[in-house]
$ cat target-v2.txt   # compact mmCIF, C-alpha atoms (C1' of nucleotides)
# COMPACT_ATOMS: atom_id res chain seq x y z
CA MET O 246 -17.92 -101.36 18.30
CA SER O 247 -19.30 -104.44 16.57
CA LEU O 248 -17.16 -107.16 18.06
CA LYS O 249 -19.09 -106.52 21.24
CA HIS O 250 -22.37 -107.06 19.42
CA ALA O 251 -21.11 -110.07 17.51
CA LEU O 252 -20.32 -111.73 20.84
CA LEU O 253 -23.67 -110.75 22.32
CA GLY O 254 -25.38 -112.11 19.21
CA LEU O 255 -23.63 -115.47 19.41
CA LEU O 256 -24.31 -115.76 23.12
CA SER O 257 -27.98 -114.92 22.53
CA ASP O 258 -28.22 -118.25 20.71
CA ARG O 259 -26.37 -120.40 23.24
CA ARG O 260 -23.93 -120.31 26.14
CA ALA O 261 -20.31 -120.60 25.11
CA SER O 262 -16.72 -120.21 26.27
CA GLY O 263 -14.17 -117.91 24.71
CA TYR O 264 -12.71 -120.94 23.00
CA ASP O 265 -16.09 -121.93 21.55
CA LEU O 266 -16.66 -118.40 20.31
CA LEU O 267 -13.22 -118.33 18.75
CA LYS O 268 -14.11 -121.43 16.71
CA THR O 269 -17.32 -119.80 15.56
CA PHE O 270 -15.43 -116.70 14.46
CA GLU O 271 -13.02 -118.88 12.51
CA THR O 272 -15.84 -120.58 10.66
CA SER O 273 -19.22 -118.91 10.24
CA LEU O 274 -18.24 -115.30 10.98
CA ALA O 275 -14.84 -115.45 9.29
CA ASN O 276 -16.08 -113.70 6.16
CA VAL O 277 -18.21 -111.12 7.90
CA TRP O 278 -16.45 -110.05 11.06
CA PRO O 279 -13.07 -111.68 11.67
CA ALA O 280 -11.71 -111.55 15.21
CA THR O 281 -8.59 -112.89 16.88
CA GLN O 282 -8.26 -114.97 20.01
CA SER O 283 -6.68 -112.08 21.83
CA GLN O 284 -9.49 -109.74 20.96
CA ILE O 285 -12.23 -112.16 21.93
CA TYR O 286 -10.91 -112.93 25.41
CA THR O 287 -10.29 -109.27 26.14
CA GLU O 288 -13.75 -108.28 25.00
CA LEU O 289 -15.43 -111.07 26.98
CA THR O 290 -13.76 -109.83 30.13
CA LYS O 291 -14.97 -106.32 29.42
CA LEU O 292 -18.52 -107.47 28.67
CA ALA O 293 -18.64 -109.47 31.87
CA GLY O 294 -17.33 -106.44 33.75
CA SER O 295 -20.12 -104.27 32.42
CA GLY O 296 -22.80 -106.85 33.18
CA LEU O 297 -23.90 -107.63 29.63
CA ILE O 298 -22.79 -111.24 29.97
CA ALA O 299 -22.01 -113.44 32.98
CA VAL O 300 -20.06 -116.60 33.76
CA ALA O 301 -22.67 -119.36 33.85
CA ALA O 302 -20.40 -122.31 34.54
CA GLU O 303 -16.75 -123.27 34.89
CA GLY O 304 -15.23 -126.39 33.41
CA PRO O 305 -11.88 -128.15 33.12
CA ARG O 306 -8.74 -126.23 32.14
CA GLY O 307 -10.14 -122.99 33.49
CA ARG O 308 -12.97 -123.05 30.96
CA LYS O 309 -15.53 -120.32 31.59
CA GLU O 310 -18.89 -120.60 29.95
CA TYR O 311 -20.60 -117.26 29.43
CA GLU O 312 -24.28 -116.52 29.08
CA ILE O 313 -25.97 -113.31 27.99
CA THR O 314 -27.81 -111.30 30.65
CA ASP O 315 -31.13 -109.48 30.27
CA GLU O 316 -29.16 -106.28 30.06
CA GLY O 317 -27.08 -107.83 27.30
CA MET O 318 -30.16 -108.87 25.35
CA ALA O 319 -31.52 -105.34 25.67
CA GLU O 320 -28.25 -103.94 24.32
CA LEU O 321 -28.29 -106.42 21.42
CA ARG O 322 -31.86 -105.49 20.48
CA HIS O 323 -31.05 -101.81 20.81
CA TRP O 324 -28.11 -102.18 18.45
CA LEU O 325 -30.16 -104.12 15.92
CA THR O 326 -33.13 -101.78 15.85
CA GLU O 327 -31.91 -98.32 16.85
CA VAL O 328 -28.29 -97.98 15.75
CA ALA O 329 -27.86 -97.27 12.06
CA PRO O 330 -25.43 -99.68 10.40
CA GLN O 331 -22.44 -97.85 9.02
CA PRO O 332 -23.05 -97.63 5.29
CA VAL O 333 -19.40 -97.57 4.16
CA ASN O 334 -17.03 -100.50 4.19
CA ARG O 335 -13.40 -100.12 3.32
CA SER O 336 -12.38 -102.19 0.34
CA ASP O 337 -8.74 -102.84 -0.30
CA VAL O 338 -9.67 -104.64 -3.51
CA LEU O 339 -11.53 -101.66 -4.92
CA LEU O 340 -9.05 -99.04 -3.74
CA ARG O 341 -6.42 -100.62 -5.94
CA VAL O 342 -8.64 -100.29 -8.97
CA PHE O 343 -8.34 -96.50 -8.78
CA PHE O 344 -4.61 -96.71 -9.23
CA LEU O 345 -4.27 -99.42 -11.86
CA GLY O 346 -3.27 -96.68 -14.28
CA VAL O 347 0.26 -96.67 -12.86
CA LEU O 348 0.71 -100.25 -14.09
CA THR O 349 1.03 -101.52 -17.64
CA PRO O 350 -2.28 -102.56 -19.24
CA GLU O 351 -1.12 -106.18 -18.99
CA GLN O 352 -0.52 -105.88 -15.27
CA ALA O 353 -3.86 -104.14 -14.77
CA ARG O 354 -5.65 -106.88 -16.70
CA ALA O 355 -3.84 -109.49 -14.60
CA TYR O 356 -5.15 -107.85 -11.44
CA LEU O 357 -8.70 -108.06 -12.75
CA THR O 358 -8.43 -111.64 -13.91
CA ASP O 359 -7.00 -112.59 -10.50
CA LEU O 360 -10.09 -111.00 -8.99
CA MET O 361 -12.29 -113.05 -11.30
CA GLU O 362 -10.65 -116.22 -10.11
CA MET O 363 -10.81 -115.14 -6.48
CA SER O 364 -14.52 -114.45 -6.80
CA GLN O 365 -15.16 -117.68 -8.64
CA SER O 366 -13.45 -119.81 -6.01
CA GLY O 367 -15.13 -117.81 -3.24
CA TYR O 368 -18.43 -118.63 -4.86
CA GLU O 369 -17.64 -122.32 -5.13
CA GLN O 370 -16.42 -122.49 -1.56
CA LEU O 371 -19.68 -121.00 -0.28
CA ARG O 372 -21.65 -123.32 -2.53
CA ARG O 373 -19.90 -126.32 -0.97
CA LEU O 374 -20.48 -124.89 2.50
CA ALA O 375 -24.17 -124.48 1.75
CA ASP O 376 -24.40 -128.10 0.64
CA SER O 377 -22.58 -129.42 3.69
CA ILE O 378 -24.79 -127.72 6.28
CA ASP O 379 -28.00 -129.39 7.32
CA TRP O 380 -30.42 -126.52 7.50
CA ASP O 381 -32.81 -127.17 10.35
CA GLU O 382 -35.75 -124.95 11.17
CA GLY O 383 -34.07 -122.69 13.76
CA ASN O 384 -33.75 -118.94 13.46
CA LEU O 385 -30.01 -119.11 13.10
CA SER O 386 -30.52 -121.39 10.12
CA VAL O 387 -32.99 -119.05 8.47
CA TYR O 388 -30.75 -116.03 8.78
CA GLY O 389 -27.55 -117.97 8.26
CA ARG O 390 -28.93 -119.13 4.92
CA ILE O 391 -29.87 -115.55 4.03
CA ALA O 392 -26.36 -114.36 4.86
CA LEU O 393 -24.85 -117.15 2.81
CA GLU O 394 -27.02 -116.22 -0.14
CA TYR O 395 -25.59 -112.73 0.13
CA GLY O 396 -22.11 -114.17 -0.14
CA LEU O 397 -23.03 -116.16 -3.23
CA ARG O 398 -24.59 -113.16 -4.94
CA PHE O 399 -21.71 -110.91 -3.97
CA ASN O 400 -19.11 -113.22 -5.45
CA ALA O 401 -21.14 -113.73 -8.60
CA MET O 402 -21.54 -109.98 -9.02
CA ARG O 403 -17.84 -109.35 -8.50
CA ARG O 404 -16.81 -112.05 -10.93
CA GLU O 405 -19.03 -110.61 -13.66
CA TRP O 406 -17.86 -107.09 -12.94
CA ALA O 407 -14.18 -108.06 -13.08
CA GLU O 408 -14.82 -109.84 -16.36
CA TRP O 409 -16.52 -106.77 -17.77
CA ALA O 410 -13.75 -104.50 -16.43
CA ALA O 411 -11.00 -106.60 -18.00
CA GLY O 412 -12.88 -106.28 -21.28
CA GLN O 413 -12.89 -102.49 -20.95
CA LEU O 414 -9.10 -102.36 -21.17
CA SER O 415 -8.85 -102.48 -24.93
CA MET K 137 -1.66 -100.20 5.79
CA SER K 138 -3.74 -98.94 2.88
CA LEU K 139 -4.11 -95.27 3.77
CA LYS K 140 -0.43 -95.01 2.92
CA HIS K 141 -1.05 -96.50 -0.49
CA ALA K 142 -4.17 -94.47 -1.11
CA LEU K 143 -2.10 -91.32 -0.57
CA LEU K 144 0.70 -92.59 -2.80
CA GLY K 145 -1.87 -93.46 -5.44
CA LEU K 146 -3.43 -90.02 -5.42
CA LEU K 147 -0.04 -88.33 -5.50
CA SER K 148 1.01 -90.51 -8.42
CA ASP K 149 -1.61 -88.68 -10.47
CA ARG K 150 -0.77 -85.14 -9.40
CA ARG K 151 0.92 -83.08 -6.70
CA ALA K 152 -1.36 -82.06 -3.86
CA SER K 153 -1.47 -80.63 -0.35
CA GLY K 154 -2.99 -82.40 2.65
CA TYR K 155 -5.99 -80.17 2.23
CA ASP K 156 -6.39 -81.16 -1.43
CA LEU K 157 -6.11 -84.83 -0.54
CA LEU K 158 -8.65 -84.44 2.23
CA LYS K 159 -11.16 -83.12 -0.31
CA THR K 160 -10.49 -86.07 -2.57
CA PHE K 161 -11.09 -88.47 0.28
CA GLU K 162 -14.36 -86.76 1.05
CA THR K 163 -15.54 -87.14 -2.53
CA SER K 164 -14.17 -89.86 -4.78
CA LEU K 165 -12.66 -92.15 -2.17
CA ALA K 166 -15.38 -91.66 0.45
CA ASN K 167 -17.09 -94.94 -0.40
CA VAL K 168 -13.97 -97.00 -0.77
CA TRP K 169 -11.44 -95.82 1.79
CA PRO K 170 -12.66 -93.07 4.13
CA ALA K 171 -10.00 -91.10 6.00
CA THR K 172 -10.10 -88.21 8.42
CA GLN K 173 -8.21 -84.93 8.32
CA SER K 174 -6.19 -85.97 11.34
CA GLN K 175 -5.19 -89.23 9.79
CA ILE K 176 -4.16 -87.72 6.47
CA TYR K 177 -1.86 -85.05 7.88
CA THR K 178 -0.20 -87.53 10.22
CA GLU K 179 0.37 -90.05 7.44
CA LEU K 180 1.76 -87.41 5.06
CA THR K 181 4.34 -86.42 7.66
CA LYS K 182 5.33 -90.07 8.07
CA LEU K 183 5.53 -90.66 4.32
CA ALA K 184 7.71 -87.59 3.86
CA GLY K 185 9.90 -88.80 6.72
CA SER K 186 10.45 -92.14 5.03
CA GLY K 187 11.18 -90.56 1.67
CA LEU K 188 8.21 -91.92 -0.29
CA ILE K 189 6.91 -88.40 -0.89
CA ALA K 190 8.53 -84.97 -0.69
CA VAL K 191 7.46 -81.35 -0.28
CA ALA K 192 7.55 -79.91 -3.79
CA ALA K 193 6.34 -76.39 -3.05
CA GLU K 194 5.06 -74.22 -0.23
CA GLY K 195 2.18 -71.81 -0.58
CA PRO K 196 0.18 -69.33 1.47
CA ARG K 197 -1.15 -70.32 4.93
CA GLY K 198 1.59 -72.86 5.42
CA ARG K 199 0.36 -74.89 2.46
CA LYS K 200 2.72 -77.73 1.59
CA GLU K 201 2.38 -79.40 -1.76
CA TYR K 202 3.64 -82.96 -1.84
CA GLU K 203 4.87 -84.97 -4.78
CA ILE K 204 5.61 -88.68 -4.95
CA THR K 205 9.27 -89.74 -5.19
CA ASP K 206 10.71 -92.55 -7.33
CA GLU K 207 10.88 -94.63 -4.19
CA GLY K 208 7.22 -93.89 -3.55
CA MET K 209 6.27 -94.96 -7.08
CA ALA K 210 8.21 -98.19 -6.59
CA GLU K 211 6.36 -98.86 -3.34
CA LEU K 212 3.00 -98.15 -5.00
CA ARG K 213 3.74 -100.54 -7.87
CA HIS K 214 5.00 -103.14 -5.44
CA TRP K 215 1.77 -102.92 -3.44
CA LEU K 216 -0.37 -103.16 -6.57
CA THR K 217 1.41 -106.13 -8.10
CA GLU K 218 3.03 -108.10 -5.28
CA VAL K 219 0.89 -107.66 -2.16
CA ALA K 220 -2.25 -109.75 -2.12
CA PRO K 221 -5.37 -107.69 -1.39
CA GLN K 222 -7.01 -108.84 1.82
CA PRO K 223 -9.97 -110.90 0.70
CA VAL K 224 -12.21 -110.26 3.72
CA ASN K 225 -13.99 -107.03 4.46
CA ARG K 226 -15.90 -106.50 7.67
CA SER K 227 -19.55 -105.81 7.09
CA ASP K 228 -21.61 -104.33 9.86
CA VAL K 229 -24.70 -104.62 7.66
CA LEU K 230 -24.26 -108.36 7.14
CA LEU K 231 -23.22 -109.15 10.70
CA ARG K 232 -26.61 -107.96 11.90
CA VAL K 233 -28.37 -110.36 9.56
CA PHE K 234 -27.02 -113.30 11.57
CA PHE K 235 -28.80 -112.07 14.65
CA LEU K 236 -32.14 -110.91 13.25
CA GLY K 237 -33.68 -113.95 14.95
CA VAL K 238 -33.67 -112.11 18.28
CA LEU K 239 -36.11 -109.58 16.84
CA THR K 240 -39.76 -110.04 15.90
CA PRO K 241 -40.33 -111.02 12.25
CA GLU K 242 -41.75 -107.53 11.68
CA GLN K 243 -38.60 -105.89 13.00
CA ALA K 244 -36.41 -108.22 10.96
CA ARG K 245 -38.38 -107.44 7.81
CA ALA K 246 -38.09 -103.72 8.58
CA TYR K 247 -34.30 -104.07 8.74
CA LEU K 248 -34.25 -105.69 5.31
CA THR K 249 -36.57 -103.17 3.71
CA ASP K 250 -34.42 -100.36 5.14
CA LEU K 251 -31.47 -102.03 3.43
CA MET K 252 -33.40 -102.13 0.17
CA GLU K 253 -34.01 -98.40 0.37
CA MET K 254 -30.43 -97.71 1.36
CA SER K 255 -29.16 -99.67 -1.63
CA GLN K 256 -31.63 -98.07 -3.97
CA SER K 257 -30.67 -94.55 -2.98
CA GLY K 258 -27.00 -95.49 -3.05
CA TYR K 259 -27.50 -96.67 -6.59
CA GLU K 260 -29.26 -93.47 -7.63
CA GLN K 261 -26.62 -91.30 -6.02
CA LEU K 262 -23.87 -93.05 -7.95
CA ARG K 263 -25.91 -92.83 -11.12
CA ARG K 264 -26.19 -89.05 -10.67
CA LEU K 265 -22.46 -88.85 -9.92
CA ALA K 266 -21.68 -90.78 -13.10
CA ASP K 267 -23.78 -88.36 -15.14
CA SER K 268 -22.20 -85.27 -13.59
CA ILE K 269 -18.59 -86.26 -14.29
CA ASP K 270 -17.11 -85.47 -17.67
CA TRP K 271 -15.13 -88.58 -18.44
CA ASP K 272 -12.03 -87.54 -20.33
CA GLU K 273 -9.54 -89.99 -21.74
CA GLY K 274 -7.11 -90.12 -18.80
CA ASN K 275 -6.21 -93.26 -16.88
CA LEU K 276 -7.89 -92.01 -13.75
CA SER K 277 -11.07 -91.66 -15.75
CA VAL K 278 -10.88 -95.16 -17.14
CA TYR K 279 -10.37 -96.77 -13.76
CA GLY K 280 -12.64 -94.32 -11.93
CA ARG K 281 -15.45 -95.36 -14.27
CA ILE K 282 -14.69 -99.01 -13.62
CA ALA K 283 -14.80 -98.45 -9.86
CA LEU K 284 -18.05 -96.57 -10.19
CA GLU K 285 -19.57 -99.41 -12.17
CA TYR K 286 -18.65 -101.68 -9.29
CA GLY K 287 -20.61 -99.44 -6.94
CA LEU K 288 -23.63 -99.52 -9.21
CA ARG K 289 -23.57 -103.29 -9.52
CA PHE K 290 -22.98 -103.73 -5.80
CA ASN K 291 -25.97 -101.62 -4.85
CA ALA K 292 -28.18 -103.34 -7.41
CA MET K 293 -27.13 -106.75 -6.11
CA ARG K 294 -27.77 -105.77 -2.51
CA ARG K 295 -31.18 -104.31 -3.26
CA GLU K 296 -32.27 -107.48 -5.02
CA TRP K 297 -30.87 -109.66 -2.28
CA ALA K 298 -32.63 -107.67 0.47
CA GLU K 299 -35.87 -107.92 -1.48
CA TRP K 300 -35.46 -111.67 -1.83
CA ALA K 301 -34.50 -112.00 1.86
CA ALA K 302 -37.56 -110.05 3.03
CA GLY K 303 -39.64 -112.44 0.96
CA GLN K 304 -38.07 -115.43 2.71
CA LEU K 305 -39.55 -114.35 6.05
CA SER K 306 -42.97 -115.91 5.54
C1' DT Z 64 4.18 -140.79 27.46
C1' DC Z 65 3.66 -137.56 24.12
C1' DA Z 66 1.37 -134.88 20.69
C1' DA Z 67 -2.76 -132.59 19.79
C1' DT Z 68 -6.16 -129.97 21.47
C1' DC Z 69 -8.41 -127.22 24.85
C1' DA Z 70 -8.19 -123.02 27.29
C1' DT Z 71 -6.97 -118.47 28.90
C1' DG Z 72 -4.38 -114.26 29.51
C1' DT Z 73 -1.29 -110.00 28.57
C1' DA Z 74 1.83 -106.64 26.15
C1' DA Z 75 3.32 -103.87 22.36
C1' DA Z 76 2.56 -101.68 18.21
C1' DG Z 77 -0.26 -99.98 14.56
C1' DG Z 78 -4.34 -97.82 12.62
C1' DG Z 79 -8.61 -95.13 13.04
C1' DT Z 80 -11.93 -91.72 15.29
C1' DT Z 81 -13.05 -87.72 17.82
C1' DA Z 82 -11.92 -83.57 19.73
C1' DC Z 83 -9.12 -79.73 20.58
C1' DA Z 84 -6.31 -75.93 18.91
C1' DT Z 85 -4.55 -72.38 16.00
C1' DG Z 86 -4.08 -69.14 12.50
C1' DA Z 87 -3.83 -67.06 7.46
C1' DT Z 88 -6.23 -65.58 3.35
C1' DT Z 89 -9.92 -64.33 0.47
C1' DA Z 90 -14.39 -62.74 -1.12
C1' DG Z 91 -18.20 -60.01 -0.36
C1' DC G 266 -14.73 -55.88 8.56
C1' DT G 267 -16.22 -60.30 8.90
C1' DA G 268 -17.60 -64.81 7.64
C1' DA G 269 -16.18 -68.58 4.96
C1' DT G 270 -12.64 -71.15 3.51
C1' DC G 271 -7.99 -72.69 3.45
C1' DA G 272 -4.54 -74.98 6.01
C1' DT G 273 -2.06 -77.55 9.47
C1' DG G 274 -1.03 -79.93 13.73
C1' DT G 275 -1.60 -82.76 18.20
C1' DA G 276 -3.67 -85.59 22.02
C1' DA G 277 -6.61 -89.06 23.89
C1' DC G 278 -9.04 -93.02 23.29
C1' DC G 279 -10.55 -97.18 21.07
C1' DC G 280 -10.05 -101.21 18.13
C1' DT G 281 -7.15 -104.62 15.78
C1' DT G 282 -3.05 -107.39 14.94
C1' DT G 283 0.88 -109.95 16.24
C1' DA G 284 3.45 -112.06 19.49
C1' DC G 285 4.54 -113.96 23.79
C1' DA G 286 3.33 -116.87 27.69
C1' DT G 287 1.38 -120.56 30.29
C1' DG G 288 -0.75 -124.68 31.53
C1' DA G 289 -4.48 -128.64 31.74
C1' DT G 290 -6.69 -132.55 29.55
C1' DT G 291 -7.37 -136.13 26.33
C1' DG G 292 -6.57 -139.75 22.96
C1' DA G 293 -3.45 -142.79 20.72
$ encode --input "target-v2.txt" --output "structure tokens"
Amino acid sequence: MSLKHALLGLLSDRRASGYDLLKTFETSLANVWPATQSQIYTELTKLAGSGLIAVAAEGPRGRKEYEITDEGMAELRHWLTEVAPQPVNRSDVLLRVFFLGVLTPEQARAYLTDLMEMSQSGYEQLRRLADSIDWDEGNLSVYGRIALEYGLRFNAMRREWAEWAAGQLS
Amino acid sequence: MSLKHALLGLLSDRRASGYDLLKTFETSLANVWPATQSQIYTELTKLAGSGLIAVAAEGPRGRKEYEITDEGMAELRHWLTEVAPQPVNRSDVLLRVFFLGVLTPEQARAYLTDLMEMSQSGYEQLRRLADSIDWDEGNLSVYGRIALEYGLRFNAMRREWAEWAAGQLS
DNA sequence: TCAATCATGTAAAGGGTTACATGATTAG
DNA sequence: CTAATCATGTAACCCTTTACATGATTGA
């Protein structure tokens, strides 16, 4: 149910077309809540149908700019304050760890060192992103920076864990 | 596609019925790859149909005990060594952070302190779990302990981050 | 003029959740 | 005998992915 709220959240900041929103999903939300073009357009139509957003303007090439309605803002606030976030997130990466015993120790160690590298480059990529953004004083900046810090800490934690885990296989 | 591999992975350790596997999903895999009863039975039927597992024995109450086939083991190893784990995991918890600006600072801080508590109790729960398990020398133990350590480090990281983030709102 | 980009929409298939449905066996 | 547990299966609905399909506008 969160694609709906991701769209409401983005539209609470500024009006945007499906195309604009798609670009945002490909960049800032890519690591948190990926969504495809197909999914976004379908969901926008549904949201407009239920009155949570509305077409504010039309532009060239059939462009439709959506804005959030009062009802939509109420739904967004309701989700943020009343609906418990689901505590569990599936992790493909971690699931595999349970079954590394079917591989040779060398293969298992290779999996963990690959994870180390993946985490390291994820960290560096976010670090570069952080440096390239000019953080103004807006709310989106404040919370965007907080989310980015999460990503940095997560990657650092995972790198250290993978390093430790590889060391355990001896 | 990973429910399939989770089932193959569990069956690579020992034979089990759908009911047995369901219990395992409710306990050890609950925080990594949750699955419902409905999903498990459906997937087992499909896996048996494609020859990756087979019915090894039948018991009372229609119980069917499955075992992994050679083909299934090959598929499991292929997944572990050749298929890249998907690097992105959707996070409901983090998505909300992007939109905390629509709330009052008090509400936003409340969200973050709730996260701190959630992470803290998650940490303690895993700590208790770690103490209650008798870690024998088997492979599943080795890698189960490594996965559990990940959970501990993840919760610790998230608690510290949420604490830091709450402090940023000033 | 032509390639890149902007812009939207739909269909099919797969995976996950919730709910319904049934019945056998065992322990007290 | 009766409640708890064991045990399986199916249907409907929702969300996600991949693919197909189309066309307008802009910049070089």
$ residues_around --input "target-v2.txt" --residues "region 275-283 of chain G" --least-positions-apart "4" --cutoff "10 Å" --atoms "all atoms listed in the file" --output "list of chain:residue names"
O:Met246, O:Ser247, O:Leu248, O:Ala280, O:Thr281, O:Ser283, O:Gln284, K:Ser174, K:Thr178, Z:DA75, Z:DA76, Z:DG77, Z:DG78, Z:DG79, Z:DT80, Z:DT81, Z:DA82, Z:DC83, Z:DA84
$ interface_residues --input "target-v2.txt" --of "chain O" --to "chain K" --cutoff "8 Å" --atoms "only C-alpha atoms" --output "PyMOL selection string"
chain O and resi 247+251+254-255+257+274+276-279+322+325-326+330-348+352+356+384-385+388-389+391-392+394-395+398-399+402-403+406+410
$ residues_around --input "target-v2.txt" --residues "DT273 (chain G)" --least-positions-apart "5" --cutoff "12 Å" --atoms "all atoms listed in the file" --output "PyMOL selection string"
(chain K and resi 153-155+158+173-174+176-178+180-181+196-200) or (chain Z and resi 84-87)
$ atom_distance --input "target-v2.txt" --atom1 "CA of Gly294 (chain O)" --atom2 "CA of Thr272 (chain O)"
27.1 Å
$ residues_around --input "target-v2.txt" --residues "DA67 (chain Z)" --least-positions-apart "2" --cutoff "10 Å" --atoms "only C-alpha atoms (C1' of nucleotides)" --output "NGL selection string"
(:Z and (65 or 69)) or (:G and (291-292))
$ atom_distance --input "target-v2.txt" --atom1 "CA of Lys249 (chain O)" --atom2 "CA of Glu320 (chain O)"
10.0 Å
$ residues_near_point --input "target-v2.txt" --point "(9.7, -88.1, -6.4)" --cutoff "12 Å" --atoms "only C-alpha atoms (C1' of nucleotides)" --output "PyMOL selection string"
chain K and resi 144+147-148+150-151+183-184+187-192+202-211
$ interface_residues --input "target-v2.txt" --of "chain G" --to "chain K" --cutoff "8 Å" --atoms "all atoms listed in the file" --output "NGL selection string"
:G and (271-274)
$ atom_distance --input "target-v2.txt" --atom1 "CA of Ile378 (chain O)" --atom2 "CA of Asn291 (chain K)"
28.4 Å
